[in-house]
>>> print(open('my_file.cif').read())   # mmCIF, C-alpha atoms
data_start
loop_
_atom_site.group_PDB
_atom_site.id
_atom_site.type_symbol
_atom_site.label_atom_id
_atom_site.label_comp_id
_atom_site.auth_asym_id
_atom_site.auth_seq_id
_atom_site.Cartn_x
_atom_site.Cartn_y
_atom_site.Cartn_z
ATOM 1 C CA MET A 1 -19.989 -31.811 -47.917
ATOM 2 C CA SER A 2 -16.415 -33.044 -48.026
ATOM 3 C CA LYS A 3 -14.401 -33.754 -44.901
ATOM 4 C CA LYS A 4 -11.937 -31.066 -45.940
ATOM 5 C CA ARG A 5 -14.652 -28.428 -46.150
ATOM 6 C CA ILE A 6 -16.104 -29.495 -42.795
ATOM 7 C CA PHE A 7 -12.632 -29.250 -41.286
ATOM 8 C CA LEU A 8 -12.186 -25.750 -42.704
ATOM 9 C CA TYR A 9 -15.548 -24.669 -41.304
ATOM 10 C CA ILE A 10 -14.574 -25.959 -37.870
ATOM 11 C CA VAL A 11 -11.203 -24.218 -38.004
ATOM 12 C CA GLY A 12 -12.892 -20.995 -39.091
ATOM 13 C CA ALA A 13 -15.388 -21.193 -36.236
ATOM 14 C CA VAL A 14 -12.619 -21.785 -33.701
ATOM 15 C CA VAL A 15 -10.647 -18.821 -35.048
ATOM 16 C CA LEU A 16 -13.727 -16.595 -34.768
ATOM 17 C CA VAL A 17 -14.341 -17.666 -31.179
ATOM 18 C CA ILE A 18 -10.705 -17.134 -30.200
ATOM 19 C CA GLY A 19 -10.655 -13.792 -31.991
ATOM 20 C CA GLY A 20 -13.812 -12.703 -30.207
ATOM 21 C CA LEU A 21 -12.414 -13.658 -26.825
ATOM 22 C CA ALA A 22 -9.154 -11.854 -27.570
ATOM 23 C CA ALA A 23 -11.051 -8.732 -28.606
ATOM 24 C CA TRP A 24 -13.089 -8.849 -25.395
ATOM 25 C CA MET A 25 -10.011 -9.385 -23.242
ATOM 26 C CA LEU A 26 -7.592 -7.012 -24.920
ATOM 27 C CA GLY A 27 -9.806 -4.444 -26.618
ATOM 28 C CA PRO A 28 -10.328 -2.158 -23.607
ATOM 29 C CA ALA A 29 -6.695 -2.609 -22.561
ATOM 30 C CA LEU A 30 -5.615 -1.044 -25.851
ATOM 31 C CA LEU A 31 -7.858 2.017 -25.459
ATOM 32 C CA PRO A 32 -7.036 5.111 -23.372
ATOM 33 C CA PRO A 33 -8.122 4.479 -19.758
ATOM 34 C CA LYS A 34 -11.296 6.275 -18.682
ATOM 35 C CA ASN A 35 -11.597 7.696 -15.185
ATOM 36 C CA ILE A 36 -14.956 7.671 -13.397
ATOM 37 C CA GLU A 37 -16.058 9.666 -10.358
ATOM 38 C CA VAL A 38 -16.986 7.179 -7.658
ATOM 39 C CA GLY A 39 -15.791 6.556 -4.143
ATOM 40 C CA VAL A 40 -13.734 8.793 -1.901
ATOM 41 C CA ALA A 41 -13.387 12.277 -3.374
ATOM 42 C CA VAL A 42 -10.271 14.354 -3.874
ATOM 43 C CA GLY A 43 -9.898 16.443 -0.738
ATOM 44 C CA GLU A 44 -11.420 13.824 1.548
ATOM 45 C CA GLN A 45 -9.354 11.760 3.967
ATOM 46 C CA ALA A 46 -8.728 8.054 3.638
ATOM 47 C CA PRO A 47 -8.976 6.040 6.891
ATOM 48 C CA VAL A 48 -5.229 5.519 7.076
ATOM 49 C CA GLU A 49 -5.347 4.060 10.606
ATOM 50 C CA MET A 50 -7.653 1.189 9.576
ATOM 51 C CA ASP A 51 -6.245 -2.269 10.244
ATOM 52 C CA LEU A 52 -4.692 -4.133 7.316
ATOM 53 C CA LEU A 53 -2.183 -6.961 6.962
ATOM 54 C CA ASP A 54 1.175 -6.966 5.224
ATOM 55 C CA SER A 55 2.438 -9.802 3.043
ATOM 56 C CA ALA A 56 3.854 -11.553 6.114
ATOM 57 C CA GLY A 57 0.440 -11.542 7.776
ATOM 58 C CA GLN A 58 1.493 -8.903 10.303
ATOM 59 C CA PRO A 59 -0.722 -5.958 11.319
ATOM 60 C CA ALA A 60 -0.247 -2.932 9.102
ATOM 61 C CA THR A 61 -1.868 0.393 8.282
ATOM 62 C CA LEU A 62 -1.559 2.911 5.500
ATOM 63 C CA ALA A 63 -0.436 5.455 8.098
ATOM 64 C CA ALA A 64 2.557 3.322 9.064
ATOM 65 C CA ASN A 65 3.666 3.169 5.443
ATOM 66 C CA LEU A 66 3.191 6.778 4.365
ATOM 67 C CA GLY A 67 6.278 8.493 2.974
ATOM 68 C CA GLU A 68 7.386 12.047 3.679
ATOM 69 C CA GLN A 69 5.080 13.323 0.947
ATOM 70 C CA GLY A 70 2.468 10.573 1.217
ATOM 71 C CA MET A 71 1.625 7.433 -0.708
ATOM 72 C CA VAL A 72 0.718 6.193 -4.161
ATOM 73 C CA LEU A 73 -1.810 3.432 -3.486
ATOM 74 C CA VAL A 74 -2.553 1.013 -6.320
ATOM 75 C CA MET A 75 -5.810 -0.838 -5.685
ATOM 76 C CA VAL A 76 -6.179 -4.046 -7.676
ATOM 77 C CA ARG A 77 -8.677 -6.875 -7.913
ATOM 78 C CA SER A 78 -6.228 -9.710 -7.275
ATOM 79 C CA ALA A 79 -2.567 -10.622 -7.598
ATOM 80 C CA ASP A 80 -3.718 -14.233 -7.810
ATOM 81 C CA TRP A 81 -6.254 -14.623 -10.638
ATOM 82 C CA CYS A 82 -6.501 -11.238 -12.427
ATOM 83 C CA PRO A 83 -4.061 -11.041 -15.391
ATOM 84 C CA PHE A 84 -4.635 -7.303 -15.844
ATOM 85 C CA CYS A 85 -3.777 -6.716 -12.187
ATOM 86 C CA LYS A 86 -0.658 -8.855 -12.359
ATOM 87 C CA ALA A 87 0.565 -6.976 -15.417
ATOM 88 C CA GLN A 88 -0.096 -3.636 -13.741
ATOM 89 C CA LEU A 89 1.617 -4.637 -10.505
ATOM 90 C CA MET A 90 4.710 -5.848 -12.354
ATOM 91 C CA ARG A 91 4.783 -2.760 -14.560
ATOM 92 C CA THR A 92 4.370 -0.430 -11.591
ATOM 93 C CA ASN A 93 7.434 -2.017 -9.993
ATOM 94 C CA ASP A 94 9.488 -0.247 -12.662
ATOM 95 C CA ILE A 95 8.592 3.212 -11.301
ATOM 96 C CA ARG A 96 8.959 2.546 -7.590
ATOM 97 C CA ASP A 97 12.277 4.431 -7.460
ATOM 98 C CA ALA A 98 10.832 7.408 -9.334
ATOM 99 C CA ILE A 99 7.914 7.520 -6.908
ATOM 100 C CA SER A 100 10.081 7.147 -3.800
ATOM 101 C CA GLY A 101 12.356 9.841 -5.203
ATOM 102 C CA LYS A 102 9.417 12.225 -4.936
ATOM 103 C CA GLY A 103 8.970 11.321 -1.279
ATOM 104 C CA TYR A 104 6.045 8.936 -1.730
ATOM 105 C CA THR A 105 5.693 5.324 -0.669
ATOM 106 C CA LEU A 106 4.394 2.974 -3.349
ATOM 107 C CA ALA A 107 1.942 0.342 -2.105
ATOM 108 C CA SER A 108 -0.775 -1.929 -3.434
ATOM 109 C CA LEU A 109 -4.033 -2.977 -1.798
ATOM 110 C CA SER A 110 -6.236 -5.968 -2.585
ATOM 111 C CA TYR A 111 -8.503 -8.476 -0.881
ATOM 112 C CA ASP A 112 -5.877 -11.186 -1.420
ATOM 113 C CA LYS A 113 -4.642 -13.171 1.554
ATOM 114 C CA PRO A 114 -1.113 -12.311 2.756
ATOM 115 C CA GLU A 115 0.340 -15.603 1.515
ATOM 116 C CA ILE A 116 -0.819 -14.827 -2.022
ATOM 117 C CA LEU A 117 0.874 -11.438 -1.838
ATOM 118 C CA ALA A 118 4.056 -12.978 -0.433
ATOM 119 C CA GLU A 119 4.192 -15.477 -3.276
ATOM 120 C CA PHE A 120 3.677 -12.740 -5.873
ATOM 121 C CA ILE A 121 6.374 -10.559 -4.318
ATOM 122 C CA GLN A 122 8.809 -13.475 -4.317
ATOM 123 C CA SER A 123 8.062 -14.711 -7.823
ATOM 124 C CA GLN A 124 8.009 -11.288 -9.477
ATOM 125 C CA GLY A 125 10.687 -9.478 -7.487
ATOM 126 C CA ILE A 126 8.302 -6.784 -6.296
ATOM 127 C CA GLY A 127 10.085 -4.050 -4.378
ATOM 128 C CA TYR A 128 7.159 -2.227 -2.815
ATOM 129 C CA VAL A 129 4.643 -2.907 -0.049
ATOM 130 C CA MET A 130 1.655 -5.104 -0.879
ATOM 131 C CA LEU A 131 -1.183 -4.889 1.634
ATOM 132 C CA SER A 132 -4.091 -7.226 2.323
ATOM 133 C CA ASP A 133 -7.547 -5.900 3.213
ATOM 134 C CA PRO A 134 -9.321 -8.722 5.106
ATOM 135 C CA GLY A 135 -13.062 -8.502 4.616
ATOM 136 C CA SER A 136 -12.568 -5.595 2.184
ATOM 137 C CA LYS A 137 -13.154 -3.121 5.033
ATOM 138 C CA MET A 138 -10.766 -0.494 3.674
ATOM 139 C CA ILE A 139 -12.116 -1.004 0.163
ATOM 140 C CA ASP A 140 -15.637 -0.362 1.468
ATOM 141 C CA ALA A 141 -14.543 2.620 3.570
ATOM 142 C CA LEU A 142 -13.132 4.198 0.413
ATOM 143 C CA GLY A 143 -16.356 3.456 -1.470
ATOM 144 C CA LEU A 144 -14.454 1.540 -4.121
ATOM 145 C CA ARG A 145 -15.877 -1.986 -3.932
ATOM 146 C CA ASP A 146 -16.786 -3.271 -7.400
ATOM 147 C CA PRO A 147 -20.583 -3.701 -7.170
ATOM 148 C CA GLN A 148 -20.938 -6.222 -9.982
ATOM 149 C CA TYR A 149 -20.106 -9.230 -7.780
ATOM 150 C CA GLU A 150 -22.577 -10.718 -5.308
ATOM 151 C CA ALA A 151 -21.891 -12.578 -2.077
ATOM 152 C CA GLY A 152 -20.746 -16.085 -2.894
ATOM 153 C CA SER A 153 -18.732 -15.017 -5.930
ATOM 154 C CA PHE A 154 -14.972 -15.610 -5.739
ATOM 155 C CA ALA A 155 -14.571 -11.940 -6.696
ATOM 156 C CA TYR A 156 -16.918 -10.596 -4.019
ATOM 157 C CA GLY A 157 -15.114 -7.777 -2.233
ATOM 158 C CA VAL A 158 -12.671 -6.766 -4.962
ATOM 159 C CA PRO A 159 -12.144 -3.048 -5.510
ATOM 160 C CA ARG A 160 -12.544 -1.132 -8.703
ATOM 161 C CA ALA A 161 -9.102 -0.824 -10.284
ATOM 162 C CA SER A 162 -7.962 2.466 -8.766
ATOM 163 C CA ILE A 163 -4.973 4.625 -7.926
ATOM 164 C CA LEU A 164 -4.969 7.106 -5.056
ATOM 165 C CA VAL A 165 -2.289 9.676 -4.317
ATOM 166 C CA LEU A 166 -2.457 10.385 -0.591
ATOM 167 C CA ALA A 167 -0.946 13.244 1.393
ATOM 168 C CA PRO A 168 0.895 12.485 4.664
ATOM 169 C CA ASP A 169 -2.342 13.034 6.618
ATOM 170 C CA GLY A 170 -4.281 10.685 4.334
ATOM 171 C CA THR A 171 -5.991 13.376 2.274
ATOM 172 C CA VAL A 172 -6.716 12.185 -1.255
ATOM 173 C CA LYS A 173 -4.784 14.553 -3.527
ATOM 174 C CA ALA A 174 -5.442 12.761 -6.819
ATOM 175 C CA LYS A 175 -7.262 9.632 -7.911
ATOM 176 C CA TYR A 176 -8.010 7.436 -10.873
ATOM 177 C CA VAL A 177 -10.835 4.884 -10.900
ATOM 178 C CA ALA A 178 -11.079 2.689 -13.978
ATOM 179 C CA GLU A 179 -14.408 2.508 -15.759
ATOM 180 C CA ASP A 180 -13.318 -0.877 -17.153
ATOM 181 C CA TYR A 181 -11.042 -3.116 -15.073
ATOM 182 C CA ARG A 182 -9.249 -4.236 -18.230
ATOM 183 C CA SER A 183 -7.936 -0.716 -18.867
ATOM 184 C CA ARG A 184 -5.200 0.627 -16.573
ATOM 185 C CA PRO A 185 -3.143 3.844 -16.683
ATOM 186 C CA SER A 186 0.414 3.662 -17.959
ATOM 187 C CA ASN A 187 3.432 4.288 -15.758
ATOM 188 C CA GLU A 188 3.776 7.682 -17.414
ATOM 189 C CA GLU A 189 0.218 8.566 -16.463
ATOM 190 C CA VAL A 190 0.781 7.477 -12.867
ATOM 191 C CA LEU A 191 3.925 9.589 -12.634
ATOM 192 C CA ALA A 192 2.012 12.511 -14.147
ATOM 193 C CA MET A 193 -0.512 12.210 -11.304
ATOM 194 C CA VAL A 194 2.316 12.388 -8.780
ATOM 195 C CA GLU A 195 3.972 15.277 -10.617
ATOM 196 C CA GLY A 196 0.673 17.149 -10.652
ATOM 197 C CA VAL A 197 0.281 16.803 -6.899
ATOM 198 C CA SER A 198 3.941 17.674 -6.260
ATOM 199 C CA GLY A 199 3.708 20.726 -8.503
ATOM 200 C CA GLU A 200 0.550 21.866 -6.748
ATOM 201 C CA ALA A 201 2.231 21.556 -3.356
ATOM 202 C CA ALA A 202 5.341 23.409 -4.542
ATOM 203 C CA SER A 203 3.266 26.327 -5.863
ATOM 204 C CA LYS A 204 1.623 26.977 -2.491
ATOM 205 C CA PRO A 205 3.209 29.751 -0.417
#
>>> encode(input="my_file.cif", output="structure tokens")
Amino acid sequence: MSKKRIFLYIVGAVVLVIGGLAAWMLGPALLPPKNIEVGVAVGEQAPVEMDLLDSAGQPATLAANLGEQGMVLVMVRSADWCPFCKAQLMRTNDIRDAISGKGYTLASLSYDKPEILAEFIQSQGIGYVMLSDPGSKMIDALGLRDPQYEAGSFAYGVPRASILVLAPDGTVKAKYVAEDYRSRPSNEEVLAMVEGVSGEAASKP
């Protein structure tokens, strides 16, 4: 076999491997997101008084950050090593004004240390609250820990990629939990969740 043919075989194999990896990484991200029913249910209350940390390492709670109408809480795996989470967090920054205009606070929650969140906020110009959940206690209380990672894994304690719309008292009014962490709802879909909750509240006597 000639050197040229061997070279072409090698190039072809590399292309196939790269293509396969790209399909695995991006395939689900290009499909409509699928919601699964796990964790805290709509109508139940989130433990909004549970201790968290803000990006400065100071004590924080969901309750202290709730807006007049509540909160849109974006739960992500990591703002440090998860590219899908980073993309979602940056994209969500574009609708923070639309969400606050409805009376809701926009916030994110992850197991990341405060300094990681602070660096992400600074580097990406994030204009909403990013909260740290030390020990994943809030994540566990919401029943949204991703079970595929065992103790000792760097990803142990991450949540399923989720979005919760909370009322001022912490009641879950709407939620989305991703079946596949690579697939996240669009900004339009997030705003539709908020609109649905707002419309429901407005229709009540």
>>> resolve_selection(input="my_file.cif", expression="the PyMOL selection byres ((chain A and resi 175) around 7)", output="list in words")
Val42, Ile163, Leu164, Val165, Ala174, Tyr176 and Val177 of chain A
>>> atom_distance(input="my_file.cif", atom1="CA of Pro185 (chain A)", atom2="CA of Thr92 (chain A)")
10.0 Å
>>> residues_near_point(input="my_file.cif", point="(5.0, 8.3, -1.4)", cutoff="6 Å", atoms="only C-alpha atoms", output="ChimeraX atom specification")
/A:67,69-72,100,103-106
>>> atom_distance(input="my_file.cif", atom1="CA of Val194 (chain A)", atom2="CA of Leu66 (chain A)")
14.3 Å
>>> residues_near_point(input="my_file.cif", point="(-1.8, -7.3, -9.4)", cutoff="10 Å", atoms="only C-alpha atoms", output="list in words")
Val74, Met75, Val76, Arg77, Ser78, Ala79, Asp80, Trp81, Cys82, Pro83, Phe84, Cys85, Lys86, Ala87, Gln88, Leu89, Met90, Arg91, Thr92, Ser108, Leu109, Ser110, Asp112, Leu117, Phe120, Met130 and Ala161 of chain A
>>> resolve_selection(input="my_file.cif", expression="the PyMOL selection byres ((chain A and resi 127) around 10)", output="ChimeraX atom specification")
/A:90,92-94,96-97,106-107,121-122,124-126,128-130
>>> closest_residue(input="my_file.cif", among="A:Ile95, A:Gly152, A:Ala167, A:Ile116", to="Glu188 (chain A)", atoms="all atoms listed in the file")
A:Ile95
>>> build_atoms(input="my_file.cif", residues="region 106-122 of chain A", atoms="N, CA and C atoms", output="CSV table (one decimal), in the frame of the given file")
chain,number,residue,atom,x,y,z
A,106,LEU,N,5.2,3.7,-2.4
A,106,LEU,CA,4.4,3.0,-3.3
A,106,LEU,C,3.9,1.7,-2.6
A,107,ALA,N,2.6,1.5,-2.7
A,107,ALA,CA,1.9,0.3,-2.1
A,107,ALA,C,0.8,-0.1,-2.9
A,108,SER,N,0.4,-1.4,-2.8
A,108,SER,CA,-0.8,-1.9,-3.4
A,108,SER,C,-1.7,-2.4,-2.4
A,109,LEU,N,-3.0,-2.5,-2.7
A,109,LEU,CA,-4.0,-3.0,-1.8
A,109,LEU,C,-5.0,-3.9,-2.6
A,110,SER,N,-5.3,-5.0,-2.0
A,110,SER,CA,-6.2,-6.0,-2.6
A,110,SER,C,-6.9,-6.8,-1.5
A,111,TYR,N,-7.9,-7.6,-1.9
A,111,TYR,CA,-8.5,-8.5,-0.9
A,111,TYR,C,-7.8,-9.8,-0.7
A,112,ASP,N,-6.7,-9.9,-1.5
A,112,ASP,CA,-5.9,-11.2,-1.4
A,112,ASP,C,-5.4,-11.5,0.0
A,113,LYS,N,-5.2,-12.8,0.3
A,113,LYS,CA,-4.6,-13.2,1.6
A,113,LYS,C,-3.1,-12.9,1.5
A,114,PRO,N,-2.5,-12.6,2.7
A,114,PRO,CA,-1.1,-12.3,2.8
A,114,PRO,C,-0.2,-13.3,2.0
A,115,GLU,N,-0.5,-14.6,2.1
A,115,GLU,CA,0.3,-15.6,1.5
A,115,GLU,C,0.3,-15.5,0.0
A,116,ILE,N,-0.8,-15.0,-0.6
A,116,ILE,CA,-0.8,-14.8,-2.0
A,116,ILE,C,0.1,-13.7,-2.4
A,117,LEU,N,0.0,-12.6,-1.6
A,117,LEU,CA,0.9,-11.4,-1.8
A,117,LEU,C,2.3,-11.8,-1.7
A,118,ALA,N,2.7,-12.6,-0.7
A,118,ALA,CA,4.1,-13.0,-0.4
A,118,ALA,C,4.6,-13.8,-1.6
A,119,GLU,N,3.8,-14.7,-2.1
A,119,GLU,CA,4.2,-15.5,-3.3
A,119,GLU,C,4.4,-14.6,-4.5
A,120,PHE,N,3.5,-13.6,-4.7
A,120,PHE,CA,3.7,-12.7,-5.9
A,120,PHE,C,4.9,-11.9,-5.7
A,121,ILE,N,5.2,-11.4,-4.6
A,121,ILE,CA,6.4,-10.6,-4.3
A,121,ILE,C,7.6,-11.4,-4.6
A,122,GLN,N,7.7,-12.6,-4.1
A,122,GLN,CA,8.8,-13.5,-4.3
A,122,GLN,C,9.0,-13.8,-5.8
